[in-house]
2 protein chains.
Amino acid sequence: MSRRAYGQYCGFARALEMVGERWALLIVRDLLIGPRRFTDLRRGLPRIPTNVLAGRLKELEEAGIVQRRVLARPDGSVVYELTDYGSELEDVVLRLGRWGARSLGEPRAGEIITPDAIRLALRATFDPARARGVRASYELRLGPVIVNARVDDGRLVVGGGPLPEARLVIETGPAIRALMAGELSPAEATASGAVLLTGDPHGLDQFVELFRIGR
Amino acid sequence: MSRRAYGQYCGFARALEMVGERWALLIVRDLLIGPRRFTDLRRGLPRIPTNVLAGRLKELEEAGIVQRRVLARPDGSVVYELTDYGSELEDVVLRLGRWGARSLGEPRAGEIITPDAIRLALRATFDPARARGVRASYELRLGPVIVNARVDDGRLVVGGGPLPEARLVIETGPAIRALMAGELSPAEATASGAVLLTGDPHGLDQFVELFRIGR
DNA sequence: CTGGATCCCTCACGATACTG
DNA sequence: CAGTATCGTGAGGGATCCAG
């Protein structure tokens, strides 16, 4: 019996054997945003050793969770993307992310924020029910990381980079967590300078309605 | 920065830091069934080293997922149980279990089946919508493991051990997976002797309607 | 008997250098 | 860009031991 095997005939144990190894689900997290090249994944997971990344990708591929695809010429580069089976982890990842966000607290020394993590967090915290009949668009800037979100009647599309036509630009830092957790009111956040808004000054109230942690 | 930290300010990464270590979620799986003593957990996870079990329990306790409780005299023994926060992992565990069950295949050499794993699997595969208006009770025997399930109008209660008043006793082995996955029909299963029924011979059809893997 | 602690050994992971 | 090669370290595997 292999070292990593748990020795139980159990669907849950089998799941952990497939995606329970260190870094595996973080790779899946980034691939949930879209296909990524090896180097993209490295950028999104700066602390992963490259041999571990290579190993995980191979294992995930063997398990039918990830597929390797060589792009058409002339670039001919390689991308990794989730299979249908792998994509079915989305709900688990979003739920675990919501659950873990409640223990986030303040950032620890050296912790970084990546675009893919933010994009996933927006999807995880989005409340479709509260977005009924709502149209909104945001550009979110967390230090050097810029992502955008468009909300249209219960649907959410999250993208990377700026969104020139966004109705509201939210420029902030880790205070975003307290804001989304309801520990910090939009009014306090803007008054203290923890959040800088460009656009509709009341747009932030709607934002925290649509995207919330653990309430 | 600690070795296990992923270095990302991300709810999902934080979740993995709390429950992503080897064995951690399997401990949670068993505790989802109910409070367990150290020795109960060992029995349910026969391959876990005791130092790892002790370490995980301590970490889970520090993370606010598990609490240690000393029972009243005279036994004065210790039980571990999930906190409310830990219990909120139930949905994630059930979903991951359903997802992994689709890759179960046939049992590998040496793989065991534990009562807690079966009880969780029944909860994971139960379809409340199909159980509307249904009353049923089962005793399920998988080798030496005996569990029971009572279904009452969309609700499910799973217990350990025999259920004398069960309407149907299902005695089988790993064929249960193919049965619940729809790869083996109840008729075939009984005809081949892969499943032995005591009670209503058509009860198995209802069972596979109520508990199903990946369809 | 329960609830661990201690030991040793091995291998997976971490860090980094290097290559087609 | 997309990995492979190398090497050190520490967590996990496994057995044993011990206190209450």
# chains A, B, ... in the order shown; residues from 1 in each chain; ligands from 1
call {"tool": "interface_residues", "arguments": {"of": "chain C", "to": "chain B", "cutoff": "10 Å", "atoms": "only C-alpha atoms (C1' of nucleotides)", "output": "mmCIF file with N, CA, C and O atoms (P, O5', C5', C4', C3', O3' and C1' of nucleotides), in the first residue's frame"}}
result
data_model
loop_
_atom_site.group_PDB
_atom_site.id
_atom_site.type_symbol
_atom_site.label_atom_id
_atom_site.label_comp_id
_atom_site.auth_asym_id
_atom_site.auth_seq_id
_atom_site.Cartn_x
_atom_site.Cartn_y
_atom_site.Cartn_z
ATOM 1 P P DT C 2 -9.533 0.740 25.810
ATOM 2 O "O5'" DT C 2 -9.195 2.160 26.422
ATOM 3 C "C5'" DT C 2 -10.118 2.794 27.311
ATOM 4 C "C4'" DT C 2 -9.472 4.041 27.898
ATOM 5 C "C3'" DT C 2 -9.130 5.128 26.864
ATOM 6 O "O3'" DT C 2 -9.538 6.382 27.376
ATOM 7 C "C1'" DT C 2 -7.205 4.586 28.122
ATOM 8 P P DG C 3 -9.593 7.649 26.364
ATOM 9 O "O5'" DG C 3 -8.140 8.276 26.469
ATOM 10 C "C5'" DG C 3 -7.745 8.909 27.671
ATOM 11 C "C4'" DG C 3 -6.331 9.389 27.541
ATOM 12 C "C3'" DG C 3 -6.014 10.134 26.240
ATOM 13 O "O3'" DG C 3 -5.208 11.265 26.534
ATOM 14 C "C1'" DG C 3 -4.485 8.412 26.547
ATOM 15 P P DG C 4 -5.102 12.485 25.490
ATOM 16 O "O5'" DG C 4 -4.326 11.829 24.247
ATOM 17 C "C5'" DG C 4 -3.008 12.253 23.963
ATOM 18 C "C4'" DG C 4 -2.027 11.501 24.844
ATOM 19 C "C3'" DG C 4 -0.574 11.757 24.519
ATOM 20 O "O3'" DG C 4 -0.102 12.805 25.313
ATOM 21 C "C1'" DG C 4 -1.015 9.470 25.121
ATOM 22 P P DA C 5 1.115 13.691 24.772
ATOM 23 O "O5'" DA C 5 2.440 12.886 25.124
ATOM 24 C "C5'" DA C 5 2.763 12.618 26.485
ATOM 25 C "C4'" DA C 5 4.070 11.836 26.545
ATOM 26 C "C3'" DA C 5 5.213 12.436 25.716
ATOM 27 O "O3'" DA C 5 6.437 12.271 26.424
ATOM 28 C "C1'" DA C 5 4.730 10.258 24.938
ATOM 29 P P DT C 6 7.804 13.019 25.894
ATOM 30 O "O5'" DT C 6 8.866 11.845 25.699
ATOM 31 C "C5'" DT C 6 8.442 10.508 25.850
ATOM 32 C "C4'" DT C 6 9.407 9.563 25.146
ATOM 33 C "C3'" DT C 6 10.458 10.210 24.233
ATOM 34 O "O3'" DT C 6 11.686 9.513 24.397
ATOM 35 C "C1'" DT C 6 9.149 8.698 22.982
ATOM 36 P P DC C 13 4.558 15.654 -0.695
ATOM 37 O "O5'" DC C 13 5.325 16.944 -0.171
ATOM 38 C "C5'" DC C 13 5.220 17.295 1.214
ATOM 39 C "C4'" DC C 13 6.367 18.210 1.564
ATOM 40 C "C3'" DC C 13 6.455 19.471 0.704
ATOM 41 O "O3'" DC C 13 6.316 20.596 1.555
ATOM 42 C "C1'" DC C 13 8.579 18.463 0.992
ATOM 43 P P DG C 14 6.434 22.057 0.904
ATOM 44 O "O5'" DG C 14 7.959 22.410 1.117
ATOM 45 C "C5'" DG C 14 8.448 22.567 2.439
ATOM 46 C "C4'" DG C 14 9.780 23.278 2.405
ATOM 47 C "C3'" DG C 14 9.826 24.522 1.513
ATOM 48 O "O3'" DG C 14 10.602 25.524 2.147
ATOM 49 C "C1'" DG C 14 11.389 22.905 0.719
#
call {"tool": "residues_around", "arguments": {"residues": "Val19 in chain A", "least_positions_apart": "6", "cutoff": "10 Å", "atoms": "only C-alpha atoms (C1' of nucleotides)", "output": "ChimeraX atom specification"}}
result
/A:25-28,56,59-60,63,65,86,89 /B:20,96,100
call {"tool": "write_last_selection", "arguments": {"atoms": "all heavy atoms", "output": "mmCIF file, in the first residue's frame"}}
result
data_model
loop_
_atom_site.group_PDB
_atom_site.id
_atom_site.type_symbol
_atom_site.label_atom_id
_atom_site.label_comp_id
_atom_site.auth_asym_id
_atom_site.auth_seq_id
_atom_site.Cartn_x
_atom_site.Cartn_y
_atom_site.Cartn_z
ATOM 1 N N LEU A 25 -4.910 21.456 -3.629
ATOM 2 C CA LEU A 25 -6.155 22.208 -3.776
ATOM 3 C C LEU A 25 -5.905 23.675 -4.087
ATOM 4 O O LEU A 25 -6.773 24.346 -4.654
ATOM 5 C CB LEU A 25 -7.023 22.061 -2.520
ATOM 6 C CG LEU A 25 -7.834 20.762 -2.478
ATOM 7 C CD1 LEU A 25 -8.601 20.650 -1.174
ATOM 8 C CD2 LEU A 25 -8.814 20.702 -3.657
ATOM 9 N N LEU A 26 -4.736 24.178 -3.746
ATOM 10 C CA LEU A 26 -4.434 25.558 -4.136
ATOM 11 C C LEU A 26 -4.203 25.639 -5.642
ATOM 12 O O LEU A 26 -4.538 26.642 -6.279
ATOM 13 C CB LEU A 26 -3.224 26.081 -3.364
ATOM 14 C CG LEU A 26 -3.539 26.487 -1.919
ATOM 15 C CD1 LEU A 26 -2.271 26.848 -1.177
ATOM 16 C CD2 LEU A 26 -4.507 27.655 -1.902
ATOM 17 N N ILE A 27 -3.639 24.588 -6.202
ATOM 18 C CA ILE A 27 -3.511 24.538 -7.659
ATOM 19 C C ILE A 27 -4.899 24.496 -8.288
ATOM 20 O O ILE A 27 -5.194 25.225 -9.241
ATOM 21 C CB ILE A 27 -2.678 23.309 -8.073
ATOM 22 C CG1 ILE A 27 -1.242 23.453 -7.557
ATOM 23 C CG2 ILE A 27 -2.691 23.127 -9.583
ATOM 24 C CD1 ILE A 27 -0.406 22.188 -7.694
ATOM 25 N N VAL A 28 -5.757 23.664 -7.726
ATOM 26 C CA VAL A 28 -7.134 23.601 -8.231
ATOM 27 C C VAL A 28 -7.805 24.968 -8.093
ATOM 28 O O VAL A 28 -8.508 25.410 -9.003
ATOM 29 C CB VAL A 28 -7.935 22.522 -7.476
ATOM 30 C CG1 VAL A 28 -9.411 22.603 -7.826
ATOM 31 C CG2 VAL A 28 -7.387 21.138 -7.791
ATOM 32 N N ARG A 56 2.630 17.601 -8.470
ATOM 33 C CA ARG A 56 1.194 17.702 -8.230
ATOM 34 C C ARG A 56 0.422 17.707 -9.548
ATOM 35 O O ARG A 56 -0.621 17.069 -9.674
ATOM 36 C CB ARG A 56 0.870 18.961 -7.436
ATOM 37 C CG ARG A 56 1.303 18.936 -6.014
ATOM 38 C CD ARG A 56 0.505 17.920 -5.208
ATOM 39 N NE ARG A 56 1.083 17.772 -3.881
ATOM 40 C CZ ARG A 56 2.043 16.915 -3.568
ATOM 41 N NH1 ARG A 56 2.532 16.088 -4.480
ATOM 42 N NH2 ARG A 56 2.510 16.848 -2.358
ATOM 43 N N GLU A 59 0.194 14.258 -10.835
ATOM 44 C CA GLU A 59 -0.751 13.444 -10.068
ATOM 45 C C GLU A 59 -2.194 13.848 -10.358
ATOM 46 O O GLU A 59 -3.066 12.990 -10.522
ATOM 47 C CB GLU A 59 -0.476 13.600 -8.568
ATOM 48 C CG GLU A 59 0.861 13.024 -8.120
ATOM 49 C CD GLU A 59 1.362 13.646 -6.828
ATOM 50 O OE1 GLU A 59 0.571 14.366 -6.163
ATOM 51 O OE2 GLU A 59 2.523 13.438 -6.485
ATOM 52 N N LEU A 60 -2.422 15.146 -10.422
ATOM 53 C CA LEU A 60 -3.778 15.607 -10.709
ATOM 54 C C LEU A 60 -4.208 15.179 -12.108
ATOM 55 O O LEU A 60 -5.383 14.894 -12.348
ATOM 56 C CB LEU A 60 -3.858 17.134 -10.574
ATOM 57 C CG LEU A 60 -3.728 17.669 -9.143
ATOM 58 C CD1 LEU A 60 -3.578 19.189 -9.138
ATOM 59 C CD2 LEU A 60 -4.946 17.265 -8.312
ATOM 60 N N ALA A 63 -5.115 11.551 -12.005
ATOM 61 C CA ALA A 63 -6.388 11.345 -11.312
ATOM 62 C C ALA A 63 -7.571 11.846 -12.144
ATOM 63 O O ALA A 63 -8.719 11.722 -11.725
ATOM 64 C CB ALA A 63 -6.364 12.046 -9.954
ATOM 65 N N ILE A 65 -8.213 14.992 -12.938
ATOM 66 C CA ILE A 65 -8.705 16.263 -12.407
ATOM 67 C C ILE A 65 -8.221 17.422 -13.265
ATOM 68 O O ILE A 65 -8.913 18.413 -13.443
ATOM 69 C CB ILE A 65 -8.232 16.426 -10.947
ATOM 70 C CG1 ILE A 65 -8.861 15.334 -10.085
ATOM 71 C CG2 ILE A 65 -8.554 17.808 -10.403
ATOM 72 C CD1 ILE A 65 -8.182 15.126 -8.755
ATOM 73 N N GLY A 86 -12.698 17.646 -12.434
ATOM 74 C CA GLY A 86 -11.987 18.589 -11.583
ATOM 75 C C GLY A 86 -12.812 19.834 -11.290
ATOM 76 O O GLY A 86 -12.809 20.356 -10.172
ATOM 77 N N LEU A 89 -15.085 20.345 -8.281
ATOM 78 C CA LEU A 89 -14.570 20.715 -6.962
ATOM 79 C C LEU A 89 -14.893 22.166 -6.617
ATOM 80 O O LEU A 89 -14.654 22.609 -5.491
ATOM 81 C CB LEU A 89 -13.054 20.503 -6.901
ATOM 82 C CG LEU A 89 -12.595 19.055 -6.849
ATOM 83 C CD1 LEU A 89 -11.109 18.944 -7.089
ATOM 84 C CD2 LEU A 89 -12.964 18.455 -5.491
ATOM 85 N N GLY B 20 -5.986 21.068 6.384
ATOM 86 C CA GLY B 20 -5.424 20.444 5.191
ATOM 87 C C GLY B 20 -4.305 19.456 5.475
ATOM 88 O O GLY B 20 -3.854 18.759 4.574
ATOM 89 N N LEU B 96 -17.220 16.436 -0.601
ATOM 90 C CA LEU B 96 -15.958 15.831 -1.038
ATOM 91 C C LEU B 96 -16.091 14.313 -1.068
ATOM 92 O O LEU B 96 -15.550 13.649 -1.949
ATOM 93 C CB LEU B 96 -14.832 16.231 -0.095
ATOM 94 C CG LEU B 96 -13.771 17.164 -0.633
ATOM 95 C CD1 LEU B 96 -12.669 17.360 0.382
ATOM 96 C CD2 LEU B 96 -13.190 16.647 -1.935
ATOM 97 N N GLY B 100 -15.398 12.070 -4.282
ATOM 98 C CA GLY B 100 -14.383 11.030 -4.273
ATOM 99 C C GLY B 100 -14.957 9.641 -4.510
ATOM 100 O O GLY B 100 -14.280 8.768 -5.058
#
call {"tool": "interface_residues", "arguments": {"of": "chain B", "to": "chain D", "cutoff": "9 Å", "atoms": "only C-alpha atoms (C1' of nucleotides)", "output": "PyMOL selection string"}}
result
chain B and resi 22+47-49+52
call {"tool": "interface_residues", "arguments": {"of": "chain B", "to": "chain A", "cutoff": "6 Å", "atoms": "only C-alpha atoms", "output": "PyMOL selection string"}}
result
chain B and resi 7-9+11-12+14-15+92+96-97+100-101+107+111-113
call {"tool": "residues_around", "arguments": {"residues": "Ala189 in chain B", "least_positions_apart": "2", "cutoff": "10 Å", "atoms": "only C-alpha atoms (C1' of nucleotides)", "output": "PyMOL selection string"}}
result
chain B and resi 172+175-176+178-179+184-187+191-196+204
call {"tool": "write_last_selection", "arguments": {"atoms": "N, CA, C and O atoms", "output": "tab-separated table (two decimals), in the first residue's frame"}}
result
chain	number	residue	atom	x	y	z
B	172	THR	N	-24.10	-7.43	2.45
B	172	THR	CA	-23.33	-7.39	1.21
B	172	THR	C	-21.87	-7.06	1.50
B	172	THR	O	-21.44	-7.09	2.65
B	175	ALA	N	-19.73	-4.72	-3.19
B	175	ALA	CA	-20.68	-4.58	-4.29
B	175	ALA	C	-21.64	-3.42	-4.03
B	175	ALA	O	-22.27	-2.90	-4.96
B	176	ILE	N	-21.73	-3.00	-2.80
B	176	ILE	CA	-22.62	-1.90	-2.45
B	176	ILE	C	-22.31	-0.66	-3.28
B	176	ILE	O	-23.20	0.10	-3.64
B	178	ALA	N	-21.05	-0.46	-6.48
B	178	ALA	CA	-21.59	-0.60	-7.83
B	178	ALA	C	-23.11	-0.46	-7.82
B	178	ALA	O	-23.72	0.13	-8.71
B	179	LEU	N	-23.69	-0.97	-6.76
B	179	LEU	CA	-25.14	-0.89	-6.62
B	179	LEU	C	-25.58	0.57	-6.50
B	179	LEU	O	-26.46	1.05	-7.22
B	184	LEU	N	-24.78	-1.68	-11.14
B	184	LEU	CA	-25.30	-3.01	-10.86
B	184	LEU	C	-26.76	-2.83	-10.43
B	184	LEU	O	-27.04	-2.05	-9.53
B	185	SER	N	-27.66	-3.54	-11.09
B	185	SER	CA	-29.07	-3.37	-10.72
B	185	SER	C	-29.37	-4.20	-9.49
B	185	SER	O	-28.71	-5.22	-9.23
B	186	PRO	N	-30.35	-3.78	-8.73
B	186	PRO	CA	-30.75	-4.57	-7.55
B	186	PRO	C	-31.07	-6.01	-7.93
B	186	PRO	O	-30.70	-6.94	-7.20
B	187	ALA	N	-31.73	-6.21	-9.07
B	187	ALA	CA	-32.08	-7.57	-9.49
B	187	ALA	C	-30.83	-8.42	-9.72
B	187	ALA	O	-30.72	-9.55	-9.23
B	191	ALA	N	-29.64	-11.61	-7.56
B	191	ALA	CA	-29.56	-12.87	-8.31
B	191	ALA	C	-28.18	-13.49	-8.22
B	191	ALA	O	-28.02	-14.71	-8.10
B	192	SER	N	-27.15	-12.66	-8.27
B	192	SER	CA	-25.78	-13.17	-8.26
B	192	SER	C	-25.31	-13.53	-6.86
B	192	SER	O	-24.25	-14.10	-6.69
B	193	GLY	N	-26.10	-13.15	-5.88
B	193	GLY	CA	-25.68	-13.42	-4.52
B	193	GLY	C	-24.76	-12.37	-3.95
B	193	GLY	O	-24.27	-12.49	-2.83
B	194	ALA	N	-24.51	-11.32	-4.74
B	194	ALA	CA	-23.65	-10.24	-4.24
B	194	ALA	C	-24.32	-9.51	-3.08
B	194	ALA	O	-23.65	-8.90	-2.25
B	195	VAL	N	-25.63	-9.57	-3.06
B	195	VAL	CA	-26.39	-8.96	-1.97
B	195	VAL	C	-27.39	-9.99	-1.44
B	195	VAL	O	-28.05	-10.68	-2.22
B	196	LEU	N	-27.46	-10.06	-0.13
B	196	LEU	CA	-28.41	-10.96	0.51
B	196	LEU	C	-29.43	-10.13	1.28
B	196	LEU	O	-29.05	-9.31	2.11
B	204	LEU	N	-34.83	-3.13	-1.83
B	204	LEU	CA	-33.54	-2.69	-2.33
B	204	LEU	C	-33.67	-1.66	-3.45
B	204	LEU	O	-32.83	-0.77	-3.59
call {"tool": "select_by_dssp", "arguments": {"residues": "range 70-170 of chain B", "states": "helix (DSSP H, G or I)", "output": "VMD selection string"}}
result
chain B and resid 84 to 87 90 to 101 115 to 125 128 to 131
call {"tool": "select_by_dssp", "arguments": {"residues": "range 47-165 of chain B", "states": "strand (DSSP E or B)", "output": "number ranges by chain"}}
result
B: 66-70, 78-82, 112, 126, 135-142, 145-152, 155-160
call {"tool": "atom_distance", "arguments": {"atom1": "CA of Leu168 in chain A", "atom2": "CA of Glu90 in chain A"}}
result
27.9 Å
call {"tool": "atom_distance", "arguments": {"atom1": "CA of Ala181 in chain B", "atom2": "CA of Arg68 in chain A"}}
result
28.5 Å
call {"tool": "atom_distance", "arguments": {"atom1": "CA of Tyr80 in chain B", "atom2": "CA of Arg123 in chain B"}}
result
21.1 Å
call {"tool": "closest_residue", "arguments": {"among": "B:Gly160, B:Glu62, B:Arg36, B:Thr190", "to": "Pro115 in chain B", "atoms": "only C-alpha atoms"}}
result
B:Gly160
call {"tool": "residues_around", "arguments": {"residues": "range 139-149 of chain A", "least_positions_apart": "5", "cutoff": "7 Å", "atoms": "only C-alpha atoms (C1' of nucleotides)", "output": "short mmCIF file (atom, residue, chain, number, x, y, z; two decimals) with N, CA, C and O atoms, in the first residue's frame"}}
result
data_model
loop_
_atom_site.label_atom_id
_atom_site.label_comp_id
_atom_site.auth_asym_id
_atom_site.auth_seq_id
_atom_site.Cartn_x
_atom_site.Cartn_y
_atom_site.Cartn_z
N THR A 114 -3.03 37.33 -4.05
CA THR A 114 -2.88 37.10 -5.48
C THR A 114 -4.19 37.37 -6.20
O THR A 114 -5.27 37.26 -5.61
N PRO A 115 -4.11 37.71 -7.48
CA PRO A 115 -5.33 37.99 -8.24
C PRO A 115 -6.29 36.80 -8.24
O PRO A 115 -7.50 36.97 -8.04
N ARG A 119 -10.12 36.74 -6.93
CA ARG A 119 -11.23 36.42 -7.84
C ARG A 119 -12.06 35.27 -7.27
O ARG A 119 -13.29 35.28 -7.33
N LEU A 156 -22.75 36.80 -11.58
CA LEU A 156 -21.49 37.48 -11.31
C LEU A 156 -20.44 37.02 -12.30
O LEU A 156 -20.29 35.83 -12.56
N VAL A 157 -19.73 37.99 -12.86
CA VAL A 157 -18.56 37.66 -13.68
C VAL A 157 -17.38 38.42 -13.10
O VAL A 157 -17.42 39.65 -12.96
N VAL A 158 -16.34 37.68 -12.75
CA VAL A 158 -15.15 38.29 -12.17
C VAL A 158 -14.02 38.21 -13.17
O VAL A 158 -13.79 37.17 -13.78
N GLY A 159 -13.33 39.31 -13.35
CA GLY A 159 -12.22 39.33 -14.30
C GLY A 159 -10.96 39.86 -13.66
O GLY A 159 -10.99 40.40 -12.56
N GLY A 160 -9.86 39.68 -14.35
CA GLY A 160 -8.61 40.23 -13.87
C GLY A 160 -8.35 41.59 -14.50
O GLY A 160 -8.85 41.87 -15.58
N GLY A 161 -7.62 42.42 -13.82
CA GLY A 161 -7.24 43.71 -14.38
C GLY A 161 -8.31 44.78 -14.19
O GLY A 161 -9.36 44.54 -13.60
N PRO A 162 -8.04 45.97 -14.72
CA PRO A 162 -8.94 47.11 -14.55
C PRO A 162 -10.22 46.93 -15.36
O PRO A 162 -10.29 46.10 -16.26
N LEU A 163 -11.19 47.76 -14.99
CA LEU A 163 -12.46 47.77 -15.73
C LEU A 163 -12.84 49.25 -15.91
O LEU A 163 -13.47 49.84 -15.03
N ALA A 166 -16.18 50.66 -14.96
CA ALA A 166 -16.74 50.31 -13.65
C ALA A 166 -17.43 51.51 -13.02
O ALA A 166 -16.93 52.63 -13.07
N LEU A 168 -17.81 51.84 -9.90
CA LEU A 168 -17.13 52.17 -8.65
C LEU A 168 -15.75 51.54 -8.64
O LEU A 168 -15.59 50.36 -8.94
N VAL A 169 -14.76 52.34 -8.27
CA VAL A 169 -13.42 51.82 -8.08
C VAL A 169 -13.15 51.81 -6.58
O VAL A 169 -13.26 52.84 -5.91
N ILE A 170 -12.82 50.64 -6.06
CA ILE A 170 -12.56 50.47 -4.64
C ILE A 170 -11.07 50.21 -4.46
O ILE A 170 -10.55 49.21 -4.93
N GLU A 171 -10.44 51.13 -3.79
CA GLU A 171 -9.00 51.03 -3.59
C GLU A 171 -8.76 50.83 -2.11
O GLU A 171 -9.09 51.69 -1.29
N THR A 172 -8.20 49.71 -1.75
CA THR A 172 -8.05 49.43 -0.33
C THR A 172 -6.95 48.42 -0.09
O THR A 172 -6.16 48.12 -0.99
N GLY A 173 -6.92 47.92 1.12
CA GLY A 173 -5.93 46.91 1.49
C GLY A 173 -6.64 45.80 2.25
O GLY A 173 -7.80 45.52 1.99
#
